Amino acid sequence: MDTGCGQAYGRPLVAERSGSGMRQPTTEWSFLTNHARALVCIAHDPGVRLRDIAYSLSITERSAFGIVTDLTSAGYVVKQKDGRRNRYRIQAHLPLPEDIGRERTIGEVLDLLVDSGDDMPVRRRA
């Protein structure tokens, strides 16, 4: 199942065989946190399911729920019910939580990570 959300930004756990035949889990690090990778998933598909975010990030659905809840509580994502599913809207104008010199917005960072085209208009701050 390839959801297309952020697969290029980190790879899932890979099991390798050792000499004893036992599978040894190895991890490959990711430049982005799971919160950032979840935002990329949402930017790619505002109707993405928690199950697909979890699969893409190699985490549990419960962890994906926690991440989306964090992003929603912080105001970076607005969740709307659409029938039995949720649709998400990223608040691209909000600044990043870290102080990295000049204040950057979520939208500026997502512009670097996502080919948003016309799907996700990003408002620039003057």
# chains A, B, ... in the order shown; residues from 1 in each chain; ligands from 1

call {"tool": "select_by_dssp", "arguments": {"residues": "range 37-88 of chain A", "states": "alpha helix (DSSP H)", "output": "list in words"}}
result
Arg37, Ala38, Leu39, Val40, Cys41, Ile42, Ala43, His44, Leu50, Arg51, Asp52, Ile53, Ala54, Tyr55, Ser56, Leu57, Glu61, Arg62, Ser63, Ala64, Phe65, Gly66, Ile67, Val68, Thr69, Asp70, Leu71, Thr72 and Ser73 of chain A

call {"tool": "residues_around", "arguments": {"residues": "Ala74 in chain A", "least_positions_apart": "2", "cutoff": "12 Å", "atoms": "only C-alpha atoms", "output": "VMD selection string"}}
result
chain A and resid 35 67 to 72 76 to 78 90 to 91 94 to 97

call {"tool": "write_last_selection", "arguments": {"atoms": "C-alpha atoms", "output": "compact mmCIF listing (two decimals), in the first residue's frame"}}
result
# COMPACT_ATOMS: atom_id res chain seq x y z
CA HIS A 35 4.95 15.63 13.09
CA ILE A 67 0.37 13.52 16.24
CA VAL A 68 -2.70 14.86 14.41
CA THR A 69 -4.20 15.82 17.78
CA ASP A 70 -0.99 17.69 18.66
CA LEU A 71 -1.05 19.54 15.33
CA THR A 72 -4.74 20.35 15.75
CA TYR A 76 -1.48 24.11 12.67
CA VAL A 77 -4.23 21.84 11.34
CA VAL A 78 -8.00 22.34 11.34
CA ILE A 90 -3.26 23.26 7.14
CA GLN A 91 -2.91 26.76 8.55
CA LEU A 94 1.33 30.18 11.10
CA PRO A 95 4.98 30.46 12.17
CA LEU A 96 7.08 27.44 13.05
CA PRO A 97 7.30 26.80 16.79

call {"tool": "residues_around", "arguments": {"residues": "Arg51 in chain A", "least_positions_apart": "5", "cutoff": "9 Å", "atoms": "only C-alpha atoms", "output": "list in words"}}
result
Ser56, Thr60, Glu61 and Ala64 of chain A

call {"tool": "write_last_selection", "arguments": {"atoms": "N, CA and C atoms", "output": "CSV table (one decimal), in the first residue's frame"}}
result
chain,number,residue,atom,x,y,z
A,56,SER,N,2.5,5.2,6.4
A,56,SER,CA,3.5,5.9,5.8
A,56,SER,C,4.7,6.3,6.7
A,60,THR,N,2.1,3.4,14.8
A,60,THR,CA,0.7,2.9,15.0
A,60,THR,C,-0.3,3.9,14.7
A,61,GLU,N,-1.6,3.5,14.5
A,61,GLU,CA,-2.7,4.4,14.3
A,61,GLU,C,-2.9,5.3,15.5
A,64,ALA,N,-0.3,8.0,15.3
A,64,ALA,CA,-0.8,9.0,14.2
A,64,ALA,C,-1.9,9.9,14.8

call {"tool": "select_by_dssp", "arguments": {"residues": "range 47-91 of chain A", "states": "strand (DSSP E)", "output": "list in words"}}
result
Val77, Val78, Lys79, Gln80, Lys81, Asp82, Arg85, Asn86, Arg87, Tyr88, Arg89 and Ile90 of chain A

call {"tool": "write_last_selection", "arguments": {"atoms": "C-alpha atoms", "output": "PDB file, in the first residue's frame"}}
result
ATOM      1  CA  VAL A  77      -4.230  21.836  11.338  1.00  0.00           C
ATOM      2  CA  VAL A  78      -8.004  22.341  11.337  1.00  0.00           C
ATOM      3  CA  LYS A  79     -10.014  19.111  11.331  1.00  0.00           C
ATOM      4  CA  GLN A  80     -13.459  19.020   9.682  1.00  0.00           C
ATOM      5  CA  LYS A  81     -15.889  16.118   9.553  1.00  0.00           C
ATOM      6  CA  ASP A  82     -16.798  15.023   6.026  1.00  0.00           C
ATOM      7  CA  ARG A  85     -14.203  10.777   7.497  1.00  0.00           C
ATOM      8  CA  ASN A  86     -12.127  13.785   8.436  1.00  0.00           C
ATOM      9  CA  ARG A  87     -10.683  16.409   6.132  1.00  0.00           C
ATOM     10  CA  TYR A  88      -7.780  18.507   7.244  1.00  0.00           C
ATOM     11  CA  ARG A  89      -6.795  22.062   6.408  1.00  0.00           C
ATOM     12  CA  ILE A  90      -3.259  23.259   7.142  1.00  0.00           C
TER      13      ILE A  90
END

call {"tool": "closest_residue", "arguments": {"among": "A:Ile106, A:Leu39, A:Leu32, A:Gly47", "to": "Arg84 in chain A", "atoms": "only C-alpha atoms"}}
result
A:Gly47

call {"tool": "closest_residue", "arguments": {"among": "A:His93, A:Leu50, A:Thr105, A:Val40", "to": "Ser63 in chain A", "atoms": "only C-alpha atoms"}}
result
A:Leu50

call {"tool": "residues_around", "arguments": {"residues": "Ile53 in chain A", "least_positions_apart": "2", "cutoff": "9 Å", "atoms": "only C-alpha atoms", "output": "ChimeraX atom specification"}}
result
/A:3,5,37-38,41-42,48-51,55-59,61,64

call {"tool": "atom_distance", "arguments": {"atom1": "CA of His44 in chain A", "atom2": "CA of Asp111 in chain A"}}
result
11.4 Å

call {"tool": "atom_distance", "arguments": {"atom1": "CA of Ala92 in chain A", "atom2": "CA of Trp29 in chain A"}}
result
26.2 Å
